$ cat upload05.tsv   # TSV, C-alpha atoms and all ligand atoms
chain	number	residue	atom	x	y	z
A	45	MET	CA	-35.39	1.11	45.26
A	46	PRO	CA	-35.85	1.11	41.43
A	47	VAL	CA	-33.47	3.30	39.43
A	48	LYS	CA	-35.09	6.59	38.45
A	49	THR	CA	-32.60	9.44	38.22
A	50	ILE	CA	-29.29	10.00	36.45
A	51	ALA	CA	-27.58	9.85	39.86
A	52	ASP	CA	-29.19	6.45	40.55
A	53	LEU	CA	-27.88	5.10	37.23
A	54	GLN	CA	-24.42	6.50	37.88
A	55	LYS	CA	-24.35	4.86	41.31
A	56	GLU	CA	-25.53	1.51	39.99
A	57	TYR	CA	-22.97	1.39	37.15
A	58	ALA	CA	-19.99	3.07	38.92
A	59	GLY	CA	-16.86	0.97	38.39
A	60	ARG	CA	-18.62	-1.34	35.91
A	61	ILE	CA	-18.37	0.92	32.91
A	62	ASP	CA	-16.13	3.86	31.98
A	63	HIS	CA	-17.72	6.98	33.47
A	64	LEU	CA	-17.44	8.97	30.21
A	65	ASP	CA	-19.15	6.16	28.28
A	66	LEU	CA	-21.83	6.05	30.97
A	67	GLU	CA	-22.50	9.78	30.63
A	68	LEU	CA	-22.55	9.59	26.83
A	69	LEU	CA	-24.96	6.66	26.79
A	70	ILE	CA	-27.32	8.31	29.28
A	71	ALA	CA	-27.13	11.53	27.22
A	72	HIS	CA	-27.87	9.58	24.03
A	73	THR	CA	-30.87	7.88	25.66
A	74	ILE	CA	-32.46	11.10	26.89
A	75	LYS	CA	-31.40	13.03	23.73
A	76	LYS	CA	-29.55	15.73	25.64
A	77	PRO	CA	-25.90	16.84	25.57
A	78	ARG	CA	-23.39	15.22	27.92
A	79	GLU	CA	-23.09	18.52	29.82
A	80	PHE	CA	-26.75	18.19	30.77
A	81	VAL	CA	-26.10	14.75	32.29
A	82	MET	CA	-23.16	16.17	34.27
A	83	ALA	CA	-25.16	19.13	35.52
A	84	HIS	CA	-28.45	17.38	36.36
A	85	PRO	CA	-27.97	14.25	38.47
A	86	GLU	CA	-31.53	14.74	39.78
A	87	TYR	CA	-33.09	14.35	36.27
A	88	THR	CA	-35.65	11.54	36.31
A	89	LEU	CA	-35.87	9.03	33.45
A	90	SER	CA	-39.12	7.27	32.56
A	91	PRO	CA	-39.14	3.49	33.14
A	92	ALA	CA	-39.01	2.98	29.34
A	93	LYS	CA	-35.91	5.21	29.07
A	94	ILE	CA	-34.27	3.41	31.97
A	95	GLU	CA	-34.86	0.11	30.14
A	96	THR	CA	-33.43	1.48	26.86
A	97	CYS	CA	-30.43	2.95	28.63
A	98	LYS	CA	-29.70	-0.30	30.44
A	99	LEU	CA	-29.75	-2.19	27.14
A	100	LYS	CA	-27.17	0.25	25.73
A	101	LEU	CA	-25.02	-0.06	28.85
A	102	ALA	CA	-25.17	-3.85	28.60
A	103	ARG	CA	-23.96	-3.67	24.96
A	104	ARG	CA	-21.05	-1.46	26.01
A	105	MET	CA	-20.19	-3.82	28.86
A	106	ARG	CA	-19.93	-6.59	26.24
A	107	ALA	CA	-17.24	-4.41	24.58
A	108	GLU	CA	-19.29	-3.27	21.58
A	109	PRO	CA	-17.67	-0.07	20.24
A	110	LEU	CA	-19.35	3.06	21.55
A	111	ALA	CA	-19.77	4.40	17.99
A	112	TYR	CA	-22.03	1.47	17.01
A	113	ILE	CA	-24.22	1.93	20.08
A	114	LEU	CA	-24.46	5.70	19.54
A	115	GLY	CA	-24.80	5.06	15.80
A	116	SER	CA	-22.36	7.84	14.98
A	117	LYS	CA	-18.75	8.95	15.04
A	118	GLU	CA	-17.07	12.31	14.50
A	119	PHE	CA	-14.47	12.55	11.71
A	120	PHE	CA	-12.69	15.69	10.52
A	121	GLY	CA	-15.04	17.68	12.80
A	122	LEU	CA	-18.16	16.34	11.06
A	123	PRO	CA	-20.82	13.88	12.26
A	124	PHE	CA	-21.05	10.48	10.54
A	125	LEU	CA	-23.64	7.76	10.98
A	126	VAL	CA	-22.11	4.30	11.29
A	127	SER	CA	-23.65	0.83	11.19
A	128	PRO	CA	-22.27	-2.69	11.46
A	129	ALA	CA	-21.87	-2.53	7.65
A	130	THR	CA	-19.31	0.28	7.91
A	131	LEU	CA	-15.93	0.60	9.48
A	132	ILE	CA	-15.80	3.17	12.27
A	133	PRO	CA	-13.76	6.09	10.85
A	134	ARG	CA	-10.28	6.23	12.41
A	135	PRO	CA	-8.53	9.48	13.36
A	136	GLU	CA	-5.39	8.54	11.37
A	137	THR	CA	-7.46	8.63	8.17
A	138	GLU	CA	-7.93	12.39	8.62
A	139	LEU	CA	-4.38	12.73	7.22
A	140	MET	CA	-5.68	11.54	3.84
A	141	VAL	CA	-8.31	14.29	3.80
A	142	GLU	CA	-5.65	16.91	4.65
A	143	MET	CA	-3.33	15.67	1.89
A	144	ALA	CA	-6.13	15.62	-0.67
A	145	LEU	CA	-7.17	19.18	0.19
A	146	GLU	CA	-3.54	20.32	-0.16
A	147	GLU	CA	-3.26	18.61	-3.52
A	148	VAL	CA	-6.47	20.23	-4.76
A	149	ALA	CA	-5.16	23.62	-3.63
A	150	SER	CA	-2.07	23.21	-5.81
A	151	HIS	CA	-4.13	22.83	-9.00
A	152	ARG	CA	-5.62	25.85	-10.63
A	153	SER	CA	-7.45	25.33	-13.83
A	154	SER	CA	-8.56	21.78	-14.38
A	155	VAL	CA	-11.63	19.70	-13.77
A	156	ILE	CA	-10.69	17.44	-10.93
A	157	GLY	CA	-12.37	14.11	-10.35
A	158	ILE	CA	-11.95	13.13	-6.71
A	159	VAL	CA	-12.64	9.44	-6.16
A	160	ASP	CA	-12.92	7.67	-2.81
A	161	VAL	CA	-12.58	3.91	-3.39
A	162	GLY	CA	-13.95	1.82	-0.52
A	163	THR	CA	-15.92	4.76	0.79
A	164	GLY	CA	-17.58	2.96	3.74
A	165	SER	CA	-19.50	5.59	5.72
A	166	GLY	CA	-18.39	8.17	3.12
A	167	ASN	CA	-16.24	9.95	5.70
A	168	ILE	CA	-13.33	10.78	3.36
A	169	ILE	CA	-15.18	12.07	0.31
A	170	ILE	CA	-17.84	13.89	2.36
A	171	SER	CA	-15.18	15.66	4.46
A	172	ILE	CA	-13.44	16.80	1.28
A	173	ALA	CA	-16.63	17.93	-0.46
A	174	LYS	CA	-17.77	19.72	2.68
A	175	ASN	CA	-14.45	21.51	3.18
A	176	LEU	CA	-14.23	22.64	-0.42
A	177	GLU	CA	-17.82	23.82	-0.18
A	178	SER	CA	-17.33	25.77	3.06
A	179	LEU	CA	-14.25	27.44	1.62
A	180	CYS	CA	-16.30	28.27	-1.42
A	181	HIS	CA	-18.88	30.10	0.69
A	182	PRO	CA	-16.97	31.81	3.53
A	183	ARG	CA	-19.25	33.29	6.12
A	184	VAL	CA	-19.38	37.05	5.90
A	185	GLY	CA	-18.74	38.92	9.13
A	186	GLY	CA	-17.17	37.40	12.23
A	187	ASP	CA	-13.43	37.38	12.78
A	188	PRO	CA	-11.83	39.44	9.98
A	189	VAL	CA	-8.51	37.61	10.28
A	190	ALA	CA	-10.22	34.23	9.94
A	191	HIS	CA	-12.19	35.59	6.99
A	192	GLN	CA	-9.00	36.76	5.34
A	193	LYS	CA	-7.44	33.28	5.76
A	194	VAL	CA	-10.48	31.61	4.26
A	195	SER	CA	-10.52	34.06	1.36
A	196	THR	CA	-6.84	33.41	0.57
A	197	LEU	CA	-7.36	29.66	0.59
A	198	ASP	CA	-10.59	30.15	-1.28
A	199	SER	CA	-8.79	31.76	-4.19
A	200	ARG	CA	-6.26	28.90	-4.22
A	201	LEU	CA	-8.91	26.23	-4.05
A	202	HIS	CA	-11.44	27.64	-6.44
A	203	GLY	CA	-10.44	29.97	-9.23
A	204	ASN	CA	-11.62	28.11	-12.34
A	205	ASP	CA	-11.41	24.69	-10.77
A	206	ARG	CA	-14.32	22.36	-10.85
A	207	TYR	CA	-14.74	19.18	-8.90
A	208	ASN	CA	-16.58	15.92	-9.43
A	209	PHE	CA	-16.86	13.76	-6.34
A	210	TYR	CA	-17.32	9.96	-6.39
A	211	GLY	CA	-17.62	7.39	-3.60
A	212	ILE	CA	-17.44	3.69	-4.49
A	213	ASP	CA	-18.01	0.61	-2.36
A	214	ILE	CA	-18.66	-3.06	-2.94
A	215	SER	CA	-21.06	-3.12	0.00
A	216	ARG	CA	-24.54	-1.82	-0.82
A	217	ASP	CA	-25.27	-1.52	2.90
A	218	ALA	CA	-22.22	0.69	3.41
A	219	LEU	CA	-23.24	2.82	0.40
A	220	ALA	CA	-26.69	3.34	1.92
A	221	VAL	CA	-25.04	4.72	5.06
A	222	ALA	CA	-22.68	6.90	2.99
A	223	LYS	CA	-25.67	8.42	1.14
A	224	ARG	CA	-27.40	9.21	4.43
A	225	ASN	CA	-24.18	10.84	5.64
A	226	ALA	CA	-23.91	12.97	2.53
A	227	LYS	CA	-27.44	14.18	3.18
A	228	LYS	CA	-26.73	14.78	6.86
A	229	ASN	CA	-23.74	16.94	5.91
A	230	ASP	CA	-25.57	18.76	3.10
A	231	VAL	CA	-23.42	17.50	0.23
A	232	ALA	CA	-25.76	14.85	-1.21
A	233	THR	CA	-26.16	16.62	-4.54
A	234	LYS	CA	-22.40	16.90	-5.04
A	235	ILE	CA	-21.31	13.28	-4.64
A	236	LYS	CA	-22.08	10.32	-6.88
A	237	PHE	CA	-22.10	7.07	-4.94
A	238	LEU	CA	-21.45	4.01	-7.07
A	239	HIS	CA	-21.61	0.32	-6.39
A	240	GLY	CA	-18.84	-1.93	-7.66
A	241	ASN	CA	-15.46	-3.56	-7.43
A	242	LEU	CA	-12.86	-0.81	-6.83
A	243	LEU	CA	-12.68	1.50	-9.90
A	244	GLU	CA	-14.77	-0.74	-12.17
A	245	PRO	CA	-17.87	1.52	-12.21
A	246	LEU	CA	-15.71	4.42	-13.46
A	247	ILE	CA	-13.68	2.42	-15.96
A	248	GLN	CA	-16.94	1.32	-17.56
A	249	ASN	CA	-18.24	4.90	-17.69
A	250	SER	CA	-16.85	6.72	-20.72
A	251	LYS	CA	-18.37	10.05	-19.61
A	252	PHE	CA	-16.25	9.95	-16.49
A	253	LYS	CA	-13.08	9.48	-18.52
A	254	ILE	CA	-13.80	12.51	-20.68
A	255	GLN	CA	-15.04	14.81	-17.92
A	256	ASN	CA	-12.07	14.83	-15.59
A	257	SER	CA	-8.71	15.97	-16.85
A	258	LYS	CA	-7.12	15.44	-13.44
A	259	MET	CA	-7.99	12.64	-11.06
A	260	ILE	CA	-7.22	12.11	-7.42
A	261	ILE	CA	-7.88	8.57	-6.27
A	262	LEU	CA	-8.19	8.12	-2.52
A	263	ALA	CA	-8.16	4.63	-1.11
A	264	ASN	CA	-8.40	3.36	2.41
A	265	LEU	CA	-9.01	-0.21	1.31
A	266	PRO	CA	-8.87	-3.34	3.46
A	267	TYR	CA	-5.16	-3.82	4.16
A	268	LEU	CA	-4.71	-6.04	7.21
A	269	SER	CA	-2.73	-9.21	6.51
A	270	LYS	CA	-3.91	-12.54	7.90
A	271	LYS	CA	-1.37	-12.26	10.73
A	272	ILE	CA	-2.19	-8.65	11.68
A	273	TYR	CA	-5.93	-9.31	11.44
A	274	ALA	CA	-5.55	-12.31	13.76
A	275	ALA	CA	-3.73	-10.10	16.29
A	276	THR	CA	-6.29	-7.27	16.08
A	277	ALA	CA	-8.33	-6.41	19.18
A	278	PRO	CA	-11.17	-8.91	19.72
A	279	THR	CA	-13.71	-6.05	19.77
A	280	VAL	CA	-12.67	-5.02	16.26
A	281	LYS	CA	-12.90	-8.61	14.98
A	282	LYS	CA	-16.22	-9.24	16.71
A	283	PHE	CA	-18.02	-6.05	15.68
A	284	GLU	CA	-16.40	-4.44	12.61
A	285	PRO	CA	-16.85	-6.00	9.13
A	286	LYS	CA	-13.96	-8.28	8.15
A	287	SER	CA	-14.62	-7.34	4.51
A	288	ALA	CA	-13.54	-3.77	5.39
A	289	LEU	CA	-10.31	-4.81	7.10
A	290	TYR	CA	-8.73	-7.99	5.77
A	291	SER	CA	-6.96	-8.41	2.46
A	292	ALA	CA	-5.12	-11.44	1.03
A	293	LYS	CA	-1.49	-11.39	-0.22
A	294	GLU	CA	-0.03	-9.94	3.01
A	295	GLY	CA	-2.80	-7.33	3.06
A	296	LEU	CA	-1.99	-5.97	-0.39
A	297	ALA	CA	-4.39	-7.88	-2.67
A	298	HIS	CA	-6.86	-4.98	-2.90
A	299	TYR	CA	-4.11	-2.46	-3.69
A	300	GLU	CA	-2.63	-4.75	-6.35
A	301	LYS	CA	-6.03	-5.00	-8.06
A	302	LEU	CA	-6.41	-1.23	-7.76
A	303	PHE	CA	-3.05	-0.69	-9.50
A	304	GLN	CA	-4.12	-2.96	-12.35
A	305	GLN	CA	-7.26	-0.86	-12.78
A	306	LEU	CA	-5.33	2.42	-12.45
A	307	LYS	CA	-3.21	1.41	-15.41
A	308	GLU	CA	-6.39	1.44	-17.51
A	309	LEU	CA	-7.21	4.97	-16.34
A	310	THR	CA	-3.72	6.32	-17.06
A	311	THR	CA	-3.59	5.19	-20.67
A	312	ASN	CA	-4.49	8.58	-22.20
A	313	ASN	CA	-1.94	10.69	-20.30
A	314	ARG	CA	-4.49	11.91	-17.84
A	315	GLU	CA	-2.97	13.58	-14.82
A	316	LEU	CA	-3.46	11.22	-11.95
A	317	MET	CA	-2.57	10.97	-8.30
A	318	ALA	CA	-3.39	8.21	-5.84
A	319	ILE	CA	-3.30	8.55	-2.07
A	320	LEU	CA	-3.39	5.24	-0.20
A	321	GLU	CA	-3.58	4.38	3.48
A	322	PHE	CA	-1.66	1.30	4.60
A	323	SER	CA	-0.33	-0.49	7.66
A	324	PRO	CA	3.14	0.73	8.77
A	325	GLU	CA	4.93	-2.62	8.30
A	326	GLN	CA	3.78	-2.78	4.64
A	327	LYS	CA	5.84	0.23	3.49
A	328	ALA	CA	8.64	-1.67	1.68
A	329	ALA	CA	6.31	-4.26	0.12
A	330	LEU	CA	3.88	-1.56	-0.99
A	331	GLN	CA	6.68	0.49	-2.57
A	332	LYS	CA	7.84	-2.59	-4.48
A	333	LEU	CA	4.30	-3.26	-5.69
A	334	ILE	CA	3.80	0.36	-6.80
A	335	LEU	CA	7.04	0.28	-8.80
A	336	LYS	CA	6.09	-3.07	-10.36
A	337	TYR	CA	3.01	-1.48	-11.92
A	338	PHE	CA	4.32	2.10	-12.30
A	339	PRO	CA	8.13	1.95	-12.73
A	340	LYS	CA	8.35	5.72	-13.27
A	341	ALA	CA	6.11	6.65	-10.33
A	342	ARG	CA	7.00	9.35	-7.86
A	343	VAL	CA	6.09	8.05	-4.39
A	344	ILE	CA	6.02	10.07	-1.20
A	345	PHE	CA	5.35	8.36	2.12
A	346	LYS	CA	3.85	10.19	5.09
A	347	LYS	CA	3.68	9.33	8.78
A	348	ASP	CA	0.58	9.78	10.89
A	349	LEU	CA	0.38	11.68	14.19
A	350	ALA	CA	1.59	8.57	16.02
A	351	ARG	CA	4.72	8.77	13.80
A	352	LYS	CA	3.86	5.57	11.97
A	353	TRP	CA	4.09	5.21	8.19
A	354	ARG	CA	0.51	5.57	7.02
A	355	LEU	CA	0.10	7.18	3.59
A	356	ALA	CA	1.57	6.71	0.15
A	357	ILE	CA	1.12	9.55	-2.33
A	358	ILE	CA	1.69	8.23	-5.81
A	359	THR	CA	2.06	10.09	-9.07
A	360	PRO	CA	2.25	7.29	-11.65
A	401	LIG	C1	-10.96	0.12	5.55
A	401	LIG	S1	-12.66	0.39	5.05
A	401	LIG	C2	-12.59	2.14	4.78
A	401	LIG	C3	-13.88	2.84	4.99
A	401	LIG	C4	-13.77	4.38	4.94
A	401	LIG	N1	-13.30	4.83	3.65
A	401	LIG	C5	-12.86	4.89	6.02
A	401	LIG	O1	-11.81	5.47	5.71
A	401	LIG	O2	-13.15	4.74	7.21
A	401	LIG	C6	-12.63	-0.34	3.44
A	401	LIG	C7	-13.92	-0.22	2.63
A	401	LIG	O3	-13.66	-0.81	1.35
A	401	LIG	C8	-14.80	-1.54	0.94
A	401	LIG	N2	-14.36	-2.57	-0.01
A	401	LIG	C9	-13.79	-3.78	0.23
A	401	LIG	N3	-13.51	-4.40	-0.93
A	401	LIG	C10	-13.90	-3.58	-1.94
A	401	LIG	C11	-13.88	-3.67	-3.35
A	401	LIG	N4	-13.37	-4.73	-3.99
A	401	LIG	N5	-14.37	-2.64	-4.08
A	401	LIG	C12	-14.90	-1.55	-3.46
A	401	LIG	N6	-14.95	-1.41	-2.12
A	401	LIG	C13	-14.45	-2.42	-1.36
A	401	LIG	C14	-15.38	-2.10	2.23
A	401	LIG	O4	-16.75	-2.44	2.06
A	401	LIG	C15	-15.13	-0.94	3.20
A	401	LIG	O5	-16.23	-0.07	3.23

$ encode --input "upload05.tsv" --output "structure tokens" --more "lines below"
Ligand SMILES: C[S@@+](CC[C@H](N)C(=O)[O-])C[C@H]1O[C@@H](n2cnc3c(N)ncnc32)[C@H](O)[C@@H]1O
Amino acid sequence: MPVKTIADLQKEYAGRIDHLDLELLIAHTIKKPREFVMAHPEYTLSPAKIETCKLKLARRMRAEPLAYILGSKEFFGLPFLVSPATLIPRPETELMVEMALEEVASHRSSVIGIVDVGTGSGNIIISIAKNLESLCHPRVGGDPVAHQKVSTLDSRLHGNDRYNFYGIDISRDALAVAKRNAKKNDVATKIKFLHGNLLEPLIQNSKFKIQNSKMIILANLPYLSKKIYAATAPTVKKFEPKSALYSAKEGLAHYEKLFQQLKELTTNNRELMAILEFSPEQKAALQKLILKYFPKARVIFKKDLARKWRLAIITP
């Protein structure tokens, strides 16, 4: 009997594909929430929908990441479109957003330029812009305690502060996705997306240098060494862009270039902070590299939720 209902599909694919993935891919095909799929096994799909759904299931069975098939991934509680040109945002990167928001909260009266180098889908800079914006406009009404919390943070985060947001990537395709994500999350007018090699588009822009008295540089650049990249899961290597993951010189070539560029931005005593994500085994080598370029730097390392070294917070 040809497959027609959700229950038929579930029976046909039981044991061949993870049941949660199966539900999500059926839900995606019929444009309904997963709960609908769970509650309505009798729902009938048109032959065209069955065909589309089977194509998605076949992709998943060939180990393509779910996010690429769904075309989206959640990060910091927000929806992000992803494409083969972008890395799929990782949960450990949320720590960078948290640290950046804390840093912004500790500054009262300056114009802060917040720069996301290697922006990919734009997940980092959009999450920051969105969170500063939502704190700026707390919803009136609702839970008074929650409102009070927001208002307290609001006064810390806003006061006289002003923010300029930038997202840079060398991949034009990734930038196109980032722009769509900014629109999707209603922050398109706040963020400038620039094409170029690391900080080059800003170094060449004299207006940028004058505008921002304090700068926070956020970088989740490619950092996998040849060895670690070779040992990475085959699904990552097959589907995610190598240009977003691999870096020469034991995975630190991109960060070394970034430090050389940062030196140009620090020349006029501008207040600067850089927050970098790295691979846990790189901690000692990264620290050495930071001190080579910024001998007086204050460096704080942070672990992620899996208790692995993940972030370096640098004040040059
Ligand atoms: C590890 S991904 C990070 C993507 C996103 N920021 C995130 O956290 O998921 C690195 C990104 O850096 C970009 N990239 C690689 N080399 C670059 C360069 N020289 N200048 C600017 N961006 C670069 C890649 O295209 C990719 O989007």

$ closest_residue --input "upload05.tsv" --among "A:Thr310, A:Gln304, A:Ser215, A:Ser269" --to "ligand LIG 401 (chain A)" --atoms "only C-alpha atoms and all ligand atoms"
A:Ser215

$ residues_near_ligand --input "upload05.tsv" --ligand "ligand LIG 401 (chain A)" --cutoff "9 Å" --atoms "all atoms listed in the file" --output "ChimeraX atom specification"
/A:129-134,137-138,140,160-169,211-219,239-244,262-268,285-291,298,301-302,321

$ atom_distance --input "upload05.tsv" --atom1 "atom CA of A:Val81" --atom2 "atom CA of A:Lys55"
13.5 Å

$ residues_around --input "upload05.tsv" --residues "A:Leu101" --least-positions-apart "6" --cutoff "9 Å" --atoms "only C-alpha atoms" --output "PyMOL selection string"
chain A and resi 57+61+65-66+69-70

$ closest_residue --input "upload05.tsv" --among "A:Ile261, A:Leu114, A:Leu309, A:Ala318" --to "A:Val159" --atoms "all atoms listed in the file"
A:Ile261

$ residues_around --input "upload05.tsv" --residues "A:Arg354" --least-positions-apart "5" --cutoff "8 Å" --atoms "all atoms listed in the file" --output "list of chain:residue names"
A:Glu136, A:Glu321, A:Phe322, A:Ser323, A:Pro324, A:Phe345, A:Lys346, A:Lys347, A:Asp348

$ residues_around --input "upload05.tsv" --residues "A:Ala111" --least-positions-apart "5" --cutoff "8 Å" --atoms "all atoms listed in the file" --output "count of residues only"
4

$ residues_around --input "upload05.tsv" --residues "A:Ser127" --least-positions-apart "6" --cutoff "8 Å" --atoms "all atoms listed in the file" --output "list of chain:residue names"
A:Tyr112, A:Gly115, A:Ala218, A:Val221
